[in-house]
Each structure stands twice: as C-alpha cells, then as structure tokens.
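First comes the structure, then the notes that go with it.
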Amino acid sequence: MTSTAYESTAAPETDLRRRGIRIGDLAFKGIAILAALAATVLLGLIAWKVLQLAWPAIQDFGLSFIWTDAWNPVTKEFGALAFIYGTVVTAVIALVLATPLSIAIALFLTEIAPRKLASPIATMVELLAAIPSVVLGLWGILVFGPWVRDHLEPWIQATPLGALPVFSGTPSQAGILPAALVLTIMIIPITSAICRELFIRVPRDLTDGSLALGSTRWEAIRGVMLAYAAPGIVAAVLLGLGRAFGEAIAVNQTIGNANAIPTSWFDPGNSLGSKIAAEYAGATSLEQASSILYLAAILMVISLTTNVLAQVVVVRFEKARRAV
Amino acid sequence: MSTAPATVDPYDLTQRSSGLRRRRIVEKIFGVLAIGAALFACFILVVVLGTTIFKGFSQIDLGFFTKARPLYGEKGGIADALVGSALIVGMAMLMAIPVAVLVAIYMSEYAGPRVSKGLRIVLDVLNGVPAIVVGIFVFGLLVVGNGQSAIFGAFSLAILMLPMVARATQEILDVVPQSLRHASLALGVTKWRTTWNVILPAAIGGILTGVVIAVARIAGETAPLLFTSSIASNQVSLDIHGALPTLPVMIYENSESPDPSAQAAGWAAAVVLIGFVLVLNILAKFFAGRKRRQLEGS
C-alpha cells in the first residue's frame with residue numbers, strides 16, 4: 001500500500017523531470033549536430049558555388065583555357081597558363097627556400113637552444129606569422145623590392161647562376177623573385193611551427209639510443225629524428241604549399257602584375273590569386289568577371305587538392321605509427 | 001701489455017680518427033646553420049617591424065585616429081577605416097564563435113572517433129581554402145544582386161575564422177580531464193549542463209586563446225573584403241548594410257599608390273594594424289599561460 005502511494009505521488013514529477021532532462025540534452029545535442037553539419041555543408045557549398053560561378057566561363061573557353069598563355073580583353077582571348085606558371089613557380093621557390101630553413105629553426109628550438117633562449121625565439125617566429133599579409137606586401141613593394149633590385153638581383157647575376165635564363169634581364173623591384181621571397185617569409189613560421197611539434201613528439205629514447213651508440217647529435221637528428229618525422233615534414237610542406245598557392249594580397253603587391261609568362265624571374269608576372277585580387281575594382285557583374293571566376297575555380301581546385309593530399313599523408317602517418 | 005701493438009684498436013673510444021674529426025666538423029656546421037636560420041627569422045621580423053614603425057610612427061597623432069581619410073591633399077586620419085574594421089571584425093566574431101564552439105563541443109562530447117576525425121579533416125580543409133576564394137564565394141553567393149555590404153564582408157571573415165576557433169576549442173576540450181565529466185555526471189547533472197557549466201568553464205582559457213589568435217588573423221585579412229566591402233566612401237559610417245572601409249583594404253590601396261603621402265598614410269595605418277595584432281597575440285600568450293597555471297594548480 002505504502003509503496004503504491006509513494007509511486008502515485010512521486011511518479012508524475014520524476015517522469016516529467018526525466019523528460020525535461022531529455023529534452024534539454026536532445027536540444028543541445030541537436031544544435032551541436034546542426035553546427036557540425038553547417039561547417040561540412042559550408043565546405044561543399046564553397047566548392048559547388050565557385051564551380052557554378054565559373055561554369056559559363058568553362059563552357060565559353062573550354063579546358064584549353066588552362067594551357068593557353070594569353071590575356072587580351074580586346075580580342076577576347078583568355079588563358080590561365082601565365083597565372084598558373086606564376087602561382088607554381090613562386091610557391092615552389094618559396095618552399096625550396098623555406099623548408100630547410102624551417103627544419104633548421106625547428107631543430108634549433110627543440111634540440112640546440114637552451115630553454116631560456118628557445119622560448120623568446122619561438123615567440124618571435126610566431127609573431128612573424130602574425131604580421132598581416134597586406135603589411136608584408138607593403139614592406140615587400142616599398143622596401144624589400146628596391147633592395148632586391150639594387151643588391152640581390154645584381155649579385156645573383158654576378159654568380160655563375162646568372163647564366164641561367166631565369167636570372168637574365170634587368171633587375172626590377174616587382175617580379176616573380178621578390179614575390180617568391182615574400183612568400184618564403186610568410187611560410188617559414190607555418191612550416192617551422194609544424195616541424196617543431198613533430199620533433200617534440202619524437203620519442204626521447206630513440207634519439208637517446210642513437211646518441212648512446214656513439215652518433216653525434218647531427219647524426220642522431222638526421223638518422224632518427226628526421227627519419228621519424230619525415231611523413232610529417234611532407235605534410236608540413238604540402239600545407240605550406242597550399243598556403244603559398246592561395247596567398248593573393250602580398251603576391252599581388254610584389255609580383256608586378258603582368259599577364260604573360262616572363263622568361264626571367266626578375267620580370268613581373270602574376271599568380272592566380274594576385275590576378276583575381278587585381279581585378280576586384282568594379283567587379284559587380286558576373287559577365288565582366290567570368291574569366292576571373294574561372295581562375296578562382298582553378299585556384300580552388302589546386303589548393304583543395306594540395307590540402308587534401310596533406311591530410312591523406314597525415315592520416316597515413318598516424319596509421320603507420322599505430323601499427324609500429 | 002707494455003708492448004702495445006702498432007695497429008689501431010677499432011674498439012678504443014679514446015682514439016681519434018679522421019672520421020671522427022670529420023663527423024665533429026659536420027656537427028659544428030649543422031649547429032651554426034641552425035642558429036643562423038633562427039637568427040635569420042628573428043632578423044626578418046625586426047626589419048619588417050622596424051621599417052614599418054620608422055616609416056609610419058611619425059604620422060600618428062590624435063587627429064590620425066579621429067579624422068576620416070582626406071579626399072585630396074590635406075592631412076587626415078584613418079577613423080573611417082578603424083570604425084569599419086571594428087564593425088566588420090565584431091560581426092564576424094558574433095557569426096563564427098558560437099558555431100565554432102558548438103562544432104567543437106559536438107566533436108569532443110558527442111561524436112564518435114570516426115565522425116570526429118572526419119570533421120577534423122573537414123575543418124582543416126576549410127582552413128586551407130584560400131581567403132581570396134572565400135571572397136569570390138561570398139561575392140557570387142550574396143554580393144551579386146545585392147551589392148557590397150559590411151555584413152557580407154563579416155560573413156566572409158567568419159568563414160575564415162570558423163575552422164580556426166573550432167579546431168582550437170576542440171583541442172582544448174579534448175584535454176579537459178575526464179574526471180571532471182565523470183564527477184559532474186555522477187552528481188546527476190545532465191550532459192548538456194555538464195558541458196555548459198563544467199567543461200566549457202574549464203576550457204575557457206584555451207578557447208579565448210584560439211579566439212584571440214583567430215581575430216588577430218582576420219583583422220589583417222584583405223582578400224575576402226576586396227569583393228565584399230571595398231567600394232566605400234572615405235567617411236566614418238556605421239551603416240553595416242553598405243560597404244565600409246577597413247584598415248587592410250586601405251593599406252592595400254595605398255601601397256599601390258604612387259603618391260608618397262598616400263604611402264606614408266599606408267605605413268601609419270600598418271603601424272596601427274600591426275600594433276593591434278601584436279597586442280592580441282600577447283593577450284593570447286597571457287590566456288594560454290593562465291590556463292597552464294590553472295591546470296598545474298589542480
């Protein structure tokens with residue numbers, strides 16, 4: 001009797017509370033799921049919308065647009081080759097210069113520097129990443145560019161390298177080389193930060209073992225740390241490459257905006273991003289911008305491919321680690 | 001024993017071979033190169049900051065912050081661009097932060113490991129979409145037909161901010177001790193209240209760090225604004241339905257100007273922008289340090 005009385009009075013309340021609890025939890029979980037879905041849909045929407053925007057131009061110009069070196073609004077001949085060349089060449093020069101520097105910086109910070117020195121230097125490298133690209137571009141065109149023209153480019157021409165066609169011609173303050181060097185500065189903090197995290201995660205006993213066997217510190221680093229972190233370094237390079245491909249503003253300010261493939265890296269060129277950025281003024285109608293939208297679609301495909309590739313490398317890397 | 005053989009004992013560690021000397025030299029060279037690389041990066045930072053301050057700081061006075069940009073000739077300020085930047089970045093934060101934190105909560109509190117990993121990749125790829133492509137996306141989605149507006153500019157910056165804040169928040173939520181969750185749930189607290197009242201407060205330092213770093217990055221972002229909020233007058237305006245001038249777009253335009261006084265104004269604006277970004281980064285360090293102290297204290 002007492003137990004049924006207890007149930008009859010208490011049951012409705014607990015039932016309600018339980019249901020209330022469930023509704024709160026369900027609602028919160030639902031909102032969180034919606035947010036996660038929104039982020040995923042957003043990525044798909046960006047890809048779809050940019051391709052859709054470019055579609056009229058893709059039909060107009062066809063795929064040959066990609067390997068045509070022409071940009072003539074009068075004769076309506078358009079092609080992306082000069083911009084793809086500019087994008088790839090500036091990014092590759094930047095990566096070739098930035099990768100060894102970044103690895104060296106990361107090794108210095110994790111292996112060589114005493115902790116008191118490592119922390120301020122790491123902060124400074126981080127702050128280098130914090131400088132807005134437009135400010136770096138401002139510095140690049142007004143200060144760095146003239147220096148490159150007056151000192152660096154004549155110096156390169158004086159070395160045996162000067163015989164190469166890419167280092168021929170008259171030095172100029174805006175061109176492929178200054179843009180590539182500004183990109184190098186932008187990428188160093190990104191890749192060195194990733195490399196630093198990779199090196200920190202290399203198990204101590206592996207390097208200690210190598211040192212105990214009599215290898216010098218450099219041999220331990222080369223034979224153990226770099227070997228262990230190699231796939232991660234590849235991913236870091238790919239991420240840096242994606243960043244370099246996509247940088248529009250600083251490159252636009254320093255590359256000189258020429259719409260043909262230059263013979264010399266001293267000469268002005270253009271990258272996909274910088275060409276798009278150059279055309280922003282007065283871009284209010286789609287017809288006006290159709291060839292630019294095609295460039296944007298190419299840029300998106302290139303950088304998405306690079307980024308997905310980097311993710312694949314990371315996932316493979318983690319899988320291999322777990323198997324070991 | 002006293003008559004030692006003249007041959008080299010391969011197991012004698014004290015014996016110096018030319019090979020060892022060569023290895024030690026390689027070691028030295030490596031050390032010097034590594035130090036050189038680190039110093040080089042610091043040198044670049046000092047040079048960029050130094051020239052910017054040297055060229056811009058003398059332009060800055062009170063009027064620089066209170067007057068709008070001049071149309072021709074006379075000396076003006078950057079008040080219009082400051083107001084525009086503040087409004088656009090503020091709106092971007094309102095749009096991005098709630099969604100980003102919810103995405104992170106879903107990833108770390110609700111989703112299974114596979115879904116969570118998938119979302120992580122989605123966010124990382126989203127983070128890799130070039131800013132200028134995001135600008136083109138918002139241009140095609142919203143600006144065409146409606147015209148440029150500060151809201152659209154803020155939306156494009158929010159797209160850039162979302163993956164940064166979500167990843168930072170998710171990483172910090174993952175290191176919140178499991179015991180906190182268990183204790184709260186064992187006391188009969190519901191899951192969403194546990195997340196809201198226990199997990200988020202524990203992670204707030206890390207979330208703020210992520211937010212501040214993301215704000216520092218989008219405050220200097222130019223590319224998405226070119227197509228969404230760049231055709232603006234040089235007047236202080238609070239009308240977010242129209243395009244507003246911003247600091248990065250102003251620096252961008254001035255950097256391509258042949259006029260020395262426009263370049264000088266560009267440098268001065270760059271000092272303000274860099275100052276803001278550096279303060280935010282130092283703030284982020286402070287939040288991160290406080291969080292670490294808290295974890296060490298507990």
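If you're wondering about the labels, chains in the structure tokens are A, B, ... by order shown, residues count from 1 in each chain, ligands from 1 in order shown.
Residues of chain B having any atom within 6 Å of chain A, counting only C-alpha atoms, are Glu27, Ala34, Ala37, Ala38, Leu45, Val99, Leu102, Val103, Tyr106, Val125, Leu126, Pro130, Phe137, Trp192, Gly220, Ser255 and Ala270 of chain B.
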Preceding selection exported with N, CA and C atoms as a PDB file, in the first residue's frame:
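This is the output file selection-v8.pdb:
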ATOM      1  N   GLU B  27      78.964  18.234 -37.399  1.00  0.00           N
ATOM      2  CA  GLU B  27      78.133  18.590 -36.261  1.00  0.00           C
ATOM      3  C   GLU B  27      78.165  20.097 -36.000  1.00  0.00           C
ATOM      4  N   ALA B  34      71.838  25.977 -37.989  1.00  0.00           N
ATOM      5  CA  ALA B  34      70.553  26.021 -37.285  1.00  0.00           C
ATOM      6  C   ALA B  34      70.393  27.342 -36.541  1.00  0.00           C
ATOM      7  N   ALA B  37      69.706  30.051 -39.052  1.00  0.00           N
ATOM      8  CA  ALA B  37      68.324  30.064 -39.554  1.00  0.00           C
ATOM      9  C   ALA B  37      67.398  30.739 -38.560  1.00  0.00           C
ATOM     10  N   ALA B  38      67.569  30.410 -37.274  1.00  0.00           N
ATOM     11  CA  ALA B  38      66.706  31.005 -36.255  1.00  0.00           C
ATOM     12  C   ALA B  38      66.931  32.513 -36.170  1.00  0.00           C
ATOM     13  N   LEU B  45      61.832  39.594 -38.812  1.00  0.00           N
ATOM     14  CA  LEU B  45      60.763  40.202 -38.000  1.00  0.00           C
ATOM     15  C   LEU B  45      61.158  41.612 -37.571  1.00  0.00           C
ATOM     16  N   VAL B  99      29.047  29.172 -33.519  1.00  0.00           N
ATOM     17  CA  VAL B  99      29.037  27.973 -34.363  1.00  0.00           C
ATOM     18  C   VAL B  99      30.305  27.155 -34.127  1.00  0.00           C
ATOM     19  N   LEU B 102      30.214  25.290 -30.850  1.00  0.00           N
ATOM     20  CA  LEU B 102      29.269  24.171 -30.921  1.00  0.00           C
ATOM     21  C   LEU B 102      29.843  23.014 -31.742  1.00  0.00           C
ATOM     22  N   VAL B 103      30.499  23.332 -32.855  1.00  0.00           N
ATOM     23  CA  VAL B 103      31.120  22.272 -33.659  1.00  0.00           C
ATOM     24  C   VAL B 103      32.131  21.513 -32.795  1.00  0.00           C
ATOM     25  N   TYR B 106      30.410  19.308 -30.293  1.00  0.00           N
ATOM     26  CA  TYR B 106      29.905  18.090 -30.927  1.00  0.00           C
ATOM     27  C   TYR B 106      31.034  17.091 -31.143  1.00  0.00           C
ATOM     28  N   VAL B 125      40.555  21.241 -44.060  1.00  0.00           N
ATOM     29  CA  VAL B 125      40.461  21.575 -45.490  1.00  0.00           C
ATOM     30  C   VAL B 125      39.814  22.950 -45.650  1.00  0.00           C
ATOM     31  N   LEU B 126      38.775  23.218 -44.847  1.00  0.00           N
ATOM     32  CA  LEU B 126      38.121  24.535 -44.885  1.00  0.00           C
ATOM     33  C   LEU B 126      39.130  25.630 -44.550  1.00  0.00           C
ATOM     34  N   PRO B 130      41.803  29.130 -49.887  1.00  0.00           N
ATOM     35  CA  PRO B 130      42.413  30.464 -49.924  1.00  0.00           C
ATOM     36  C   PRO B 130      41.397  31.560 -49.618  1.00  0.00           C
ATOM     37  N   PHE B 137      33.527  33.349 -53.356  1.00  0.00           N
ATOM     38  CA  PHE B 137      32.339  32.586 -52.970  1.00  0.00           C
ATOM     39  C   PHE B 137      31.249  33.511 -52.430  1.00  0.00           C
ATOM     40  N   TRP B 192      24.162  18.122 -21.005  1.00  0.00           N
ATOM     41  CA  TRP B 192      24.367  19.447 -21.596  1.00  0.00           C
ATOM     42  C   TRP B 192      24.724  20.473 -20.547  1.00  0.00           C
ATOM     43  N   GLY B 220      43.609  41.359 -40.121  1.00  0.00           N
ATOM     44  CA  GLY B 220      44.544  41.796 -41.147  1.00  0.00           C
ATOM     45  C   GLY B 220      44.232  41.232 -42.511  1.00  0.00           C
ATOM     46  N   SER B 255      49.259  51.088 -50.749  1.00  0.00           N
ATOM     47  CA  SER B 255      50.551  50.509 -51.109  1.00  0.00           C
ATOM     48  C   SER B 255      50.750  50.533 -52.615  1.00  0.00           C
ATOM     49  N   ALA B 270      49.533  50.773 -41.181  1.00  0.00           N
ATOM     50  CA  ALA B 270      50.168  49.472 -40.930  1.00  0.00           C
ATOM     51  C   ALA B 270      50.671  49.392 -39.495  1.00  0.00           C
TER      52      ALA B 270
END
| Residue list (alpha helix (DSSP H), DSSP) for stretch 39-189 of chain B, as a ChimeraX atom specification | /B:39-56,62-66,79-105,113-128,131-138,144-146,150-175,178-186
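Comparing the minimum interatomic distances between B:Ala92 and each of B:Pro258, B:Gly153, B:Gly63, B:Gly112, counting only C-alpha atoms, we find that B:Gly153 sits nearest.
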| Any idea what's packed within 12 Å of A:Lys76, counting only C-alpha atoms, ignoring anything in its chain fewer than 3 positions away? Could you give it as a VMD selection string? | chain A and resid 57 60 to 61 65 70 to 73 79 288 290 to 291
Same residues, N, CA and C atoms, output as a PDB file, in the first residue's frame:
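Okay, this is what ended up in result-v5.pdb:
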ATOM      1  N   ALA A  57      32.037  30.428 -67.919  1.00  0.00           N
ATOM      2  CA  ALA A  57      33.363  30.658 -68.499  1.00  0.00           C
ATOM      3  C   ALA A  57      33.996  29.354 -68.944  1.00  0.00           C
ATOM      4  N   ASP A  60      32.454  28.537 -72.141  1.00  0.00           N
ATOM      5  CA  ASP A  60      32.886  29.505 -73.154  1.00  0.00           C
ATOM      6  C   ASP A  60      34.293  29.199 -73.652  1.00  0.00           C
ATOM      7  N   PHE A  61      35.212  29.084 -72.707  1.00  0.00           N
ATOM      8  CA  PHE A  61      36.628  28.998 -73.065  1.00  0.00           C
ATOM      9  C   PHE A  61      37.113  27.562 -73.189  1.00  0.00           C
ATOM     10  N   PHE A  65      41.595  26.711 -71.941  1.00  0.00           N
ATOM     11  CA  PHE A  65      41.870  27.908 -71.145  1.00  0.00           C
ATOM     12  C   PHE A  65      43.060  27.668 -70.216  1.00  0.00           C
ATOM     13  N   ALA A  70      47.531  33.590 -72.792  1.00  0.00           N
ATOM     14  CA  ALA A  70      47.028  34.805 -73.432  1.00  0.00           C
ATOM     15  C   ALA A  70      46.107  35.520 -72.468  1.00  0.00           C
ATOM     16  N   TRP A  71      46.092  36.843 -72.516  1.00  0.00           N
ATOM     17  CA  TRP A  71      45.117  37.592 -71.719  1.00  0.00           C
ATOM     18  C   TRP A  71      44.864  38.899 -72.441  1.00  0.00           C
ATOM     19  N   ASN A  72      43.909  38.858 -73.358  1.00  0.00           N
ATOM     20  CA  ASN A  72      43.674  40.021 -74.212  1.00  0.00           C
ATOM     21  C   ASN A  72      42.185  40.351 -74.239  1.00  0.00           C
ATOM     22  N   PRO A  73      41.761  41.314 -73.430  1.00  0.00           N
ATOM     23  CA  PRO A  73      40.332  41.656 -73.373  1.00  0.00           C
ATOM     24  C   PRO A  73      39.811  42.182 -74.707  1.00  0.00           C
ATOM     25  N   GLY A  79      43.500  33.017 -71.234  1.00  0.00           N
ATOM     26  CA  GLY A  79      44.072  31.737 -70.833  1.00  0.00           C
ATOM     27  C   GLY A  79      44.734  31.882 -69.479  1.00  0.00           C
ATOM     28  N   GLN A 288      31.315  40.446 -66.576  1.00  0.00           N
ATOM     29  CA  GLN A 288      32.596  41.127 -66.524  1.00  0.00           C
ATOM     30  C   GLN A 288      33.670  40.229 -65.927  1.00  0.00           C
ATOM     31  N   SER A 290      33.762  36.811 -65.677  1.00  0.00           N
ATOM     32  CA  SER A 290      33.675  35.369 -65.892  1.00  0.00           C
ATOM     33  C   SER A 290      35.049  34.701 -66.000  1.00  0.00           C
ATOM     34  N   SER A 291      36.008  35.349 -66.708  1.00  0.00           N
ATOM     35  CA  SER A 291      37.322  34.719 -66.821  1.00  0.00           C
ATOM     36  C   SER A 291      38.025  34.687 -65.472  1.00  0.00           C
TER      37      SER A 291
END
| task | Go through stretch 26-249 of chain A and collect every residue that DSSP, computed from the backbone, puts in strand (DSSP E or B); the answer should be as a PyMOL selection string. | result | chain A and resi 71-72+77-78
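Within the 9 Å cut-off around B:Ile105, using only C-alpha atoms and omitting residues fewer than 5 positions from it on the same chain, the listed residues are Ala32 of chain A; Ala100, Tyr110, Ala111, Ala166, Thr169, Gln170, Leu173, Thr195 and Leu200 of chain B.
Atom pair atom CA of A:Met186 / atom CA of B:Thr52: separated by 16.5 Å.
The spacing separating atom CA of B:Ala86 from atom CA of B:Leu244 amounts to 10.3 Å.
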| task | Have a look at atom CA of B:Phe287 and atom CA of B:Met161 and let me know their distance in Å, one decimal. | result | 18.7 Å
| query | Got a sec: who's within 7 Å of A:Gly256, counting only C-alpha atoms, leaving out chain neighbours fewer than 5 positions off, as an MDAnalysis selection string? | reply | chainID A and resid 174:175 268:270
